[in-house]
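**Student:** Submitted below is the structure of interest, expressed as structure tokens.
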Amino acid sequence: MNSALIIGSGFMGTSIALSINHKKVSCVEENLNYVSCLHEKGIYQKIFKNIDDVEGEFELIVICLRQELVLNALSKISSKFPDSIITDISSSKKFLTNTDLPENFVSSHPICGSHKVGPNNAVHNLISDKEVILIESTNLDCMRKLQTFWHSLGAKTSVMRIDEHDETYAYLSHFPHLFSFIYRQILDDKGINFNKYSGTSLKEILRLSDANKDLWEEIFKDNKTNIDKVINDIKKYLL
């Protein structure tokens, strides 16, 4: 991909941009604090305030927004750039069902991230040696080109159906984050100072609760059915 547009240049978006910065990369970013940081870093060729302002041609467009904003952005950007390959990086995918997705859209899920936020914390090799899940699509050409893109960043790719993806990551990611948030709340309610008294193992579990709570609440709601399956499985092993 010789030209790319990142929509949402927070931690993940800017980390992806840093990996492809030897090529033409622009972004859409509304957060003025982020924009100031991005100008200082000089990562992007152009920084647009919103999708309506975007000009140019892009082979690839990556939507790196909160889940609740993805479909609106996808609708706007697909109409404006019908020949671009478009993907997102959302952690759960149920919200993509029961809607007419554009032909040039293939959903992705890079299995990497951080509890840190913002472009200032972005990491240039975040994707390297990581797995990226592509959601099964009938557009095999888009699938192939998107696989080639992720491979160019050093990633490995696998293909899953939406239902398979969401069930798998309920077990591997979504429930562990939910547990961390809940367990930290319990410790706070009990007034237990885990920073002072706990070892590194507990702190590593609770590290997940430093993530953006609003973003994760969207994921929990979107994938509630599968998270409930995990909880029911856990109950079988409780005394």
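Residue numbers start at 1 in each chain; chains themselves are named A, B, ... in the order of the structure tokens; ligands are numbered from 1 in the order shown.
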Do you have, as a Markdown table, the list of residues of region 134-185 of chain A lying at most 10 Å from region 94-115 of chain A, each with its nearest atom pair and that distance in Å to one decimal, counting only C-alpha atoms and ordered by chain then number?
**Tutor:**
```
| residue | atom | partner | partner_atom | distance |
| --- | --- | --- | --- | --- |
| A:Leu134 | CA | A:Ser108 | CA | 4.6 |
| A:Ile135 | CA | A:Ser107 | CA | 5.3 |
| A:Glu136 | CA | A:Val106 | CA | 7.7 |
| A:Ser137 | CA | A:Val106 | CA | 6.5 |
| A:Thr138 | CA | A:Glu103 | CA | 8.6 |
| A:Asn139 | CA | A:Glu103 | CA | 6.9 |
| A:Leu140 | CA | A:Val106 | CA | 9.6 |
| A:Asp141 | CA | A:Asn104 | CA | 9.3 |
| A:Cys142 | CA | A:Asn104 | CA | 6.6 |
| A:Met143 | CA | A:Val106 | CA | 6.7 |
| A:Leu146 | CA | A:Val106 | CA | 7.9 |
| A:Gln147 | CA | A:Ser108 | CA | 9.7 |
| A:Trp150 | CA | A:Pro110 | CA | 9.0 |
| A:Ala155 | CA | A:Pro110 | CA | 8.6 |
| A:Lys156 | CA | A:Pro110 | CA | 9.5 |
| A:Thr157 | CA | A:Pro110 | CA | 8.9 |
| A:Ser158 | CA | A:Ser108 | CA | 9.8 |
| A:Val159 | CA | A:Ser108 | CA | 9.2 |
| A:Met160 | CA | A:Ser108 | CA | 10.0 |
| A:Ile162 | CA | A:Lys94 | CA | 6.8 |
| A:Asp163 | CA | A:Lys94 | CA | 7.6 |
| A:His165 | CA | A:His109 | CA | 9.2 |
| A:Asp166 | CA | A:Lys94 | CA | 7.3 |
| A:Tyr169 | CA | A:Ile111 | CA | 9.7 |
| A:Ser173 | CA | A:Ile111 | CA | 9.4 |
```
**Student:** Which residues are near region 41-44 of chain A? Cut-off 12 Å, only C-alpha atoms, ignore same chain within fewer than 5 positions. Put them as number ranges by chain.
**Tutor:** A: 3-7, 9, 13-29, 34-36, 119-122, 124
**Student:** Mind dumping the selected residues with N, CA and C atoms as a short mmCIF file (atom, residue, chain, number, x, y, z; two decimals), in the first residue's frame?
**Tutor:**
```cif
data_model
loop_
_atom_site.label_atom_id
_atom_site.label_comp_id
_atom_site.auth_asym_id
_atom_site.auth_seq_id
_atom_site.Cartn_x
_atom_site.Cartn_y
_atom_site.Cartn_z
N SER A 3 -0.25 4.45 -0.20
CA SER A 3 -0.88 5.60 0.45
C SER A 3 -1.96 5.10 1.40
N ALA A 4 -2.00 5.71 2.58
CA ALA A 4 -2.96 5.24 3.59
C ALA A 4 -3.54 6.42 4.36
N LEU A 5 -4.75 6.21 4.85
CA LEU A 5 -5.43 7.19 5.70
C LEU A 5 -5.81 6.51 7.00
N ILE A 6 -5.40 7.10 8.11
CA ILE A 6 -5.75 6.60 9.43
C ILE A 6 -6.85 7.49 9.99
N ILE A 7 -8.00 6.90 10.31
CA ILE A 7 -9.10 7.67 10.90
C ILE A 7 -9.09 7.40 12.41
N SER A 9 -6.25 8.93 15.30
CA SER A 9 -4.80 8.77 15.47
C SER A 9 -4.42 8.74 16.94
N GLY A 13 -3.91 3.88 16.20
CA GLY A 13 -3.81 4.48 14.88
C GLY A 13 -2.42 5.01 14.59
N THR A 14 -1.84 5.70 15.57
CA THR A 14 -0.51 6.27 15.36
C THR A 14 0.56 5.18 15.37
N SER A 15 0.37 4.13 16.15
CA SER A 15 1.31 3.02 16.13
C SER A 15 1.34 2.37 14.74
N ILE A 16 0.16 2.21 14.14
CA ILE A 16 0.09 1.67 12.78
C ILE A 16 0.76 2.62 11.80
N ALA A 17 0.48 3.91 11.96
CA ALA A 17 1.09 4.91 11.06
C ALA A 17 2.61 4.91 11.16
N LEU A 18 3.14 4.77 12.36
CA LEU A 18 4.59 4.73 12.54
C LEU A 18 5.22 3.56 11.79
N SER A 19 4.48 2.46 11.70
CA SER A 19 4.99 1.27 11.02
C SER A 19 5.03 1.44 9.51
N ILE A 20 4.22 2.36 8.98
CA ILE A 20 4.16 2.56 7.53
C ILE A 20 4.58 3.97 7.14
N ASN A 21 5.33 4.64 7.99
CA ASN A 21 5.62 6.06 7.80
C ASN A 21 6.57 6.33 6.64
N HIS A 22 7.18 5.27 6.09
CA HIS A 22 8.06 5.48 4.94
C HIS A 22 7.23 5.70 3.68
N LYS A 23 5.93 5.58 3.80
CA LYS A 23 5.04 5.80 2.66
C LYS A 23 4.14 7.00 2.96
N LYS A 24 3.20 7.24 2.08
CA LYS A 24 2.31 8.39 2.23
C LYS A 24 1.18 8.06 3.19
N VAL A 25 1.19 8.68 4.36
CA VAL A 25 0.17 8.42 5.37
C VAL A 25 -0.42 9.74 5.85
N SER A 26 -1.74 9.84 5.83
CA SER A 26 -2.44 10.99 6.39
C SER A 26 -3.41 10.49 7.45
N CYS A 27 -4.03 11.42 8.18
CA CYS A 27 -4.96 10.99 9.23
C CYS A 27 -6.12 11.96 9.37
N VAL A 28 -7.17 11.47 10.00
CA VAL A 28 -8.30 12.28 10.43
C VAL A 28 -8.29 12.28 11.95
N GLU A 29 -8.21 13.45 12.55
CA GLU A 29 -8.18 13.54 14.01
C GLU A 29 -8.86 14.82 14.48
N TYR A 34 -4.36 15.86 20.58
CA TYR A 34 -3.70 14.85 19.74
C TYR A 34 -3.09 15.52 18.51
N VAL A 35 -3.83 16.44 17.91
CA VAL A 35 -3.35 17.11 16.70
C VAL A 35 -2.04 17.86 16.99
N SER A 36 -1.98 18.53 18.13
CA SER A 36 -0.77 19.26 18.51
C SER A 36 0.41 18.30 18.62
N PRO A 119 -1.49 9.41 20.98
CA PRO A 119 -0.39 9.25 20.02
C PRO A 119 0.99 9.38 20.66
N ASN A 120 1.09 10.07 21.78
CA ASN A 120 2.39 10.25 22.42
C ASN A 120 2.96 8.93 22.94
N ASN A 121 2.07 7.94 23.16
CA ASN A 121 2.50 6.63 23.66
C ASN A 121 2.63 5.59 22.55
N ALA A 122 2.44 6.01 21.30
CA ALA A 122 2.47 5.07 20.18
C ALA A 122 3.82 4.37 20.06
N HIS A 124 6.34 2.12 17.42
CA HIS A 124 6.53 1.93 15.97
C HIS A 124 6.49 0.48 15.54
#
```
**Student:** Would you mind listing what lies within 12 Å of region 224-234 of chain A as a PyMOL selection string, with only C-alpha atoms counted and same-chain residues fewer than 3 positions away left out?
**Tutor:** chain A and resi 92-95+162-179+216-221+237-239
**Student:** Give me the residues within 7 Å of region 73-84 of chain A as a list of chain:residue names, counting only C-alpha atoms and dropping any in the same chain fewer than 4 places off.
**Tutor:**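 Non-adjacent residues within range: A:Ile51, A:Phe58, A:Glu59, A:Leu60, A:Ile61, A:Leu69, A:Pro102, A:Asn104.
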**Student:** Closest to Asn212 (chain A) among A:Tyr197, A:Arg144, A:Val123, A:Val117, using only C-alpha atoms?
**Tutor:** A:Val117
**Student:** Tell me, as a count of residues only, which residues lie within 10 Å of region 184-194 of chain A, counting only C-alpha atoms; anything in the same chain fewer than 2 positions away does not count.
**Tutor:** 16
**Student:** From a DSSP calculation on the backbone, collect every residue of region 3-101 of chain A in helix (DSSP H, G or I) and output the set as number ranges by chain.
**Tutor:** A: 11-19, 32-41, 51-53, 67-80, 94-96
**Student:** Please give the complete set of residues from region 55-119 of chain A that DSSP, run on the backbone, assigns to strand (DSSP E or B), formatted as a ChimeraX atom specification.
**Tutor:** /A:60-63,85-88,105,108-110
**Student:** Could you tell me how far CA of Gly8 (chain A) lies from CA of Cys64 (chain A), in Å and to one decimal?
**Tutor:**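 Between CA of Gly8 (chain A) and CA of Cys64 (chain A) the gap works out to 5.0 Å.
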**Student:** Can you pull out the residues contacting Phe149 (chain A)? Cut-off 8 Å, using only C-alpha atoms, and skip same-chain residues under 4 positions away; I want them as a PyMOL selection string.
**Tutor:** chain A and resi 1+145+153
**Student:** With C-alpha atoms kept, could you save the residues just selected as a PDB file, in the first residue's frame?
**Tutor:**
```pdb
ATOM      1  CA  MET A   1       0.000   0.000   0.000  1.00  0.00           C
ATOM      2  CA  LYS A 145      -4.410  -7.103  -0.340  1.00  0.00           C
ATOM      3  CA  LEU A 153       4.182  -4.562   9.008  1.00  0.00           C
TER       4      LEU A 153
END
```
